[in-house]
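Enquirer: My questions will all concern the structure given below.
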Amino acid sequence: MRGWWRPAHPVQQRTGPGAGRRAEPARRRGQAALLPREPRHREAVRRLDRRAAVAYGPRVAAHRPGELADLIATLVAKLVSEHTLSLDEYAALIDARTSALADELAGRARETCEAAYGDAVFARGLIEFTNVCKNDCYYCGIRRSNRACERYRLAPEQILACADAGWQAGFRTFVLQGGEDPAATDEWLAGVVADLKAAYPGCAVTLSVGERSRESYRHLRAAGADRYLLRHETATAAHYRQLHPAAMTLQRRMACLSDLREAGFAVGAGFMVGSPFQTTEHLAADLAFIQEFRPEMCGIGPFVPHRDTPFAAEAPGTVELTCYLLSLVRLAHPTVLLPATTALEALDPRSREKGILAGANVVMPNLSPPERQGDYALYDGKPRSSADAARKWADLAARLEPLGRRLVEDRGDPAAAWASVVGPAAASVVSPARGAVVLAAASRPVSAAAATAPGSSSAASFPSTFPPVPSTKVNPS
Ligand code: SF4
């Protein structure tokens, strides 16, 4: 037995001969860890009362708060073996968290990660090539309305220079990330992707350039891009509206994720932790969405306020809750590629290690030119480094080694054999194919206007070439 949360099924414990005596020490430890001291713990009891009544009938439902440990144990065992929970069950696990439970889930998450990927940690070389964005997300430091932001665009040769340094150091995946810059046309992006692929055969190219049309995604995929990151930010439409202007909708975001999968990309979704107005129910919905859609990648980072945004005075998310959710995501989706995000490091310089220990297996060092890293300030306190790519690689490898993890020179593609990792029974319950169906249902219908106006790319209305002078101030309005 690994800890108090892995006892026998709670019903068996209470009814088997001598079961109560055998379980008593573990039960006492569980009670000590989980007696409802905080309001959220009492909320977990309430949720689990409701759940127990449905699952086990009134006898078990009449449990006392100290027996919360048994019910949490049941949820953890179910998540570890079946990789699915209901919304209420996820919410209960979030509310019931203690440091003891977080440690246990992190241990299970690491085991699950190792089963799929061994001790490998994959590096993505991040190249932030434009901080021009036509959108106005309330939480983002490079939002259109921020006049204090010094805008820039990197020229193709600058991007290739960043990639070249990364390739020499060992990076085999490059992530081209930017705001939704109207000048980044399909043709321009496809050219950069093709150049990268030609210069570094065997590399993987990930794009992170926001909402675009279905045709645009197909074009970029055909040009050789392998993966696409598009965080959903929150899976609850009402919450999405609180974080974005009216022109942006969750329906549109979900339609883009569906289109990306249809175009053949390995798709990355993800969400913020601790964003303004966020509730336990919102986070539970995010976990349920990840469980159903099964993105190949999932980026989870704490909300960190930026001084020049409407959310400047909001409290940031926490490393503790973010790492807890990393563990839950790993257990819900064993083969997901899960980064320990840079935003974590804005709150705690050792949080990259904490993310890895919670079940993450990807790191994304910044290969952008040092003089531009400060201008891609999505949030305050974003880490910057003038170290060259080789130094960054060596530092990361040295930081991972004490954790029993290896930084590997590998593209780090998603684990292919889904069923071999989760088992055929679980694979039939929660499969990528089922996720696609769920997503399609959630994202349709999309109005014709939404499908073609904001966020879509059109060679007719956008410049066909990128501005050659990268340091030009180009505030769009
Ligand atoms: S979050 Fe992305 S889409 Fe929104 S303003 Fe920032 S860069 Fe633009």
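By convention in this document, the chains of the structure tokens carry letters A, B, ... by their order, each chain's residues are numbered from 1, and ligands are numbered from 1 in the order they are shown.
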Could you list, as a PyMOL selection string, all residues that come within 8 Å of ligand 1? Count only C-alpha atoms and all ligand atoms.
Expert: chain A and resi 131-144+178-180+209-211+244+378
Enquirer: Residues of range 285-316 of chain A that approach range 221-238 of chain A to 9 Å or less, counting only C-alpha atoms: could you list each one with the shortest pair of atoms and its distance in Å to one decimal, rows by chain and increasing residue number, as a Markdown table?
Expert:
```
| residue | atom | partner | partner_atom | distance |
| --- | --- | --- | --- | --- |
| A:Ala285 | CA | A:Ala235 | CA | 6.0 |
| A:Asp286 | CA | A:Ala235 | CA | 5.2 |
| A:Leu287 | CA | A:Ala235 | CA | 8.8 |
| A:Ala288 | CA | A:Ala235 | CA | 8.9 |
| A:Phe289 | CA | A:Ala235 | CA | 6.8 |
| A:Glu296 | CA | A:Arg227 | CA | 8.9 |
| A:Met297 | CA | A:Leu229 | CA | 7.7 |
| A:Cys298 | CA | A:Arg231 | CA | 7.8 |
| A:Gly299 | CA | A:Arg231 | CA | 7.0 |
| A:Ile300 | CA | A:Arg231 | CA | 8.6 |
```
Enquirer: Find the spatial neighbours of range 102-111 of chain A, counting only C-alpha atoms, within a cut-off of 6 Å - ignore same-chain residues fewer than 5 positions away - and output them as a ChimeraX atom specification.
Expert: /A:324,327,330-331,358-359
Enquirer: Given the choices A:Arg172, A:His333, A:Arg40, A:His282, which gets closest to Val80 in chain A if the distance is worked out from only C-alpha atoms?
Expert: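 Once distances to Val80 in chain A are computed over only C-alpha atoms, the minimum belongs to A:His333.
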Enquirer: When you draw a straight line from CA of Phe303 in chain A to CA of Gly404 in chain A, how long is it in Å?
Expert: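 According to the coordinates, CA of Phe303 in chain A and CA of Gly404 in chain A are separated by 28.9 Å.
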